[in-house]
Amino acid sequence: MALFKKRTAGKPGEWFYCLRHGKVEEGPECPAKDRFGPYPTRQEADRAMETARERDLEWENDPRWHDGGTGASAPDREG
């Protein structure tokens, strides 16, 4: 049994956005499940949520992700 938990060491110049705390961190301070990144700059990490929304919209409107129509509400097909 380990006496200490091993934490991921942060690297200077790598920026993350913590979903749990809603803040930008240099180097990973929080667990991977709670963060987006790494980003090359603090500014990019700061707009992580906006970037995620933009990418979600792109994917929702990408016809390669849908079998029978446009958007997430494609009609059901019988057959």
# chains A, B, ... in the order shown; residues from 1 in each chain; ligands from 1
>>> residues_around(residues="Lys33 in chain A", least_positions_apart="2", cutoff="10 Å", atoms="only C-alpha atoms", output="list of chain:residue names")
A:Cys18, A:Leu19, A:Arg20, A:Cys30, A:Pro31, A:Arg35, A:Phe36
>>> select_by_dssp(residues="range 11-79 of chain A", states="helix (DSSP H, G or I)", output="number ranges by chain")
A: 32-34, 42-46, 48-60, 63-65
>>> residues_around(residues="Pro40 in chain A", least_positions_apart="6", cutoff="12 Å", atoms="only C-alpha atoms", output="CSV table (one decimal) with all heavy atoms, in the first residue's frame")
chain,number,residue,atom,x,y,z
A,11,LYS,N,4.1,21.0,-15.9
A,11,LYS,CA,5.2,21.5,-16.7
A,11,LYS,C,5.0,23.0,-16.9
A,11,LYS,O,3.9,23.4,-17.3
A,11,LYS,CB,5.3,20.8,-18.0
A,11,LYS,CG,5.6,19.4,-17.9
A,11,LYS,CD,5.6,18.7,-19.3
A,11,LYS,CE,5.9,17.3,-19.2
A,11,LYS,NZ,5.8,16.7,-20.6
A,12,PRO,N,6.0,23.8,-16.7
A,12,PRO,CA,5.9,25.2,-17.0
A,12,PRO,C,5.5,25.4,-18.5
A,12,PRO,O,6.1,24.7,-19.4
A,12,PRO,CB,7.3,25.8,-16.7
A,12,PRO,CG,7.9,24.8,-15.8
A,12,PRO,CD,7.3,23.5,-16.2
A,13,GLY,N,4.6,26.3,-18.8
A,13,GLY,CA,4.2,26.6,-20.1
A,13,GLY,C,3.0,25.7,-20.6
A,13,GLY,O,2.5,25.9,-21.7
A,14,GLU,N,2.6,24.8,-19.8
A,14,GLU,CA,1.4,24.0,-20.2
A,14,GLU,C,0.2,24.5,-19.3
A,14,GLU,O,0.3,24.6,-18.1
A,14,GLU,CB,1.6,22.5,-19.9
A,14,GLU,CG,2.3,21.8,-20.9
A,14,GLU,CD,2.3,20.3,-20.7
A,14,GLU,OE1,2.1,19.8,-19.6
A,14,GLU,OE2,2.5,19.5,-21.7
A,15,TRP,N,-0.8,24.9,-20.0
A,15,TRP,CA,-2.0,25.5,-19.3
A,15,TRP,C,-3.2,24.6,-19.4
A,15,TRP,O,-3.4,23.9,-20.5
A,15,TRP,CB,-2.3,26.9,-19.9
A,15,TRP,CG,-1.1,27.8,-19.7
A,15,TRP,CD1,-0.1,28.0,-20.5
A,15,TRP,CD2,-0.9,28.6,-18.6
A,15,TRP,NE1,0.8,29.0,-20.0
A,15,TRP,CE2,0.3,29.3,-18.8
A,15,TRP,CE3,-1.6,28.9,-17.4
A,15,TRP,CZ2,0.8,30.3,-17.9
A,15,TRP,CZ3,-1.1,29.8,-16.5
A,15,TRP,CH2,0.1,30.5,-16.7
A,16,PHE,N,-4.0,24.5,-18.4
A,16,PHE,CA,-5.2,23.7,-18.3
A,16,PHE,C,-6.3,24.6,-17.8
A,16,PHE,O,-6.1,25.5,-17.1
A,16,PHE,CB,-4.9,22.5,-17.3
A,16,PHE,CG,-3.9,21.6,-17.8
A,16,PHE,CD1,-2.5,21.8,-17.5
A,16,PHE,CD2,-4.2,20.5,-18.5
A,16,PHE,CE1,-1.5,21.0,-17.9
A,16,PHE,CE2,-3.2,19.6,-19.0
A,16,PHE,CZ,-1.9,19.8,-18.7
A,17,TYR,N,-7.5,24.1,-18.1
A,17,TYR,CA,-8.7,24.8,-17.6
A,17,TYR,C,-9.4,23.7,-16.7
A,17,TYR,O,-9.8,22.6,-17.1
A,17,TYR,CB,-9.7,25.2,-18.7
A,17,TYR,CG,-10.9,25.9,-18.1
A,17,TYR,CD1,-10.9,27.2,-17.8
A,17,TYR,CD2,-12.1,25.2,-17.9
A,17,TYR,CE1,-12.0,27.8,-17.2
A,17,TYR,CE2,-13.2,25.8,-17.4
A,17,TYR,CZ,-13.1,27.1,-17.0
A,17,TYR,OH,-14.2,27.7,-16.5
A,25,GLU,N,-5.1,26.8,-14.8
A,25,GLU,CA,-4.0,26.4,-14.0
A,25,GLU,C,-2.7,26.2,-14.9
A,25,GLU,O,-2.8,25.7,-16.0
A,25,GLU,CB,-4.3,25.0,-13.4
A,25,GLU,CG,-5.6,25.0,-12.6
A,25,GLU,CD,-6.0,23.6,-12.2
A,25,GLU,OE1,-5.5,22.6,-12.8
A,25,GLU,OE2,-6.8,23.5,-11.2
A,26,GLU,N,-1.6,26.5,-14.4
A,26,GLU,CA,-0.3,26.2,-15.1
A,26,GLU,C,0.2,24.9,-14.6
A,26,GLU,O,0.4,24.7,-13.4
A,26,GLU,CB,0.8,27.3,-14.9
A,26,GLU,CG,2.0,27.0,-15.8
A,26,GLU,CD,3.0,28.1,-15.7
A,26,GLU,OE1,2.9,29.0,-14.8
A,26,GLU,OE2,3.9,28.1,-16.5
A,27,GLY,N,0.3,23.9,-15.5
A,27,GLY,CA,0.6,22.6,-15.1
A,27,GLY,C,-0.7,22.0,-14.5
A,27,GLY,O,-1.5,22.7,-14.0
A,46,ASP,N,-8.0,29.9,-21.0
A,46,ASP,CA,-9.0,30.8,-20.5
A,46,ASP,C,-10.3,30.7,-21.3
A,46,ASP,O,-11.4,30.9,-20.8
A,46,ASP,CB,-8.5,32.2,-20.3
A,46,ASP,CG,-9.4,33.0,-19.5
A,46,ASP,OD1,-9.9,32.5,-18.4
A,46,ASP,OD2,-9.6,34.2,-19.8
A,48,ALA,N,-11.3,28.0,-22.9
A,48,ALA,CA,-11.5,26.5,-23.2
A,48,ALA,C,-13.0,26.2,-23.3
A,48,ALA,O,-13.4,25.4,-24.2
A,48,ALA,CB,-10.9,25.7,-22.0
>>> atom_distance(atom1="CA of Glu58 in chain A", atom2="CA of Thr41 in chain A")
23.1 Å
>>> atom_distance(atom1="CA of Arg42 in chain A", atom2="CA of Trp59 in chain A")
25.2 Å
>>> atom_distance(atom1="CA of Leu57 in chain A", atom2="CA of Val24 in chain A")
23.4 Å
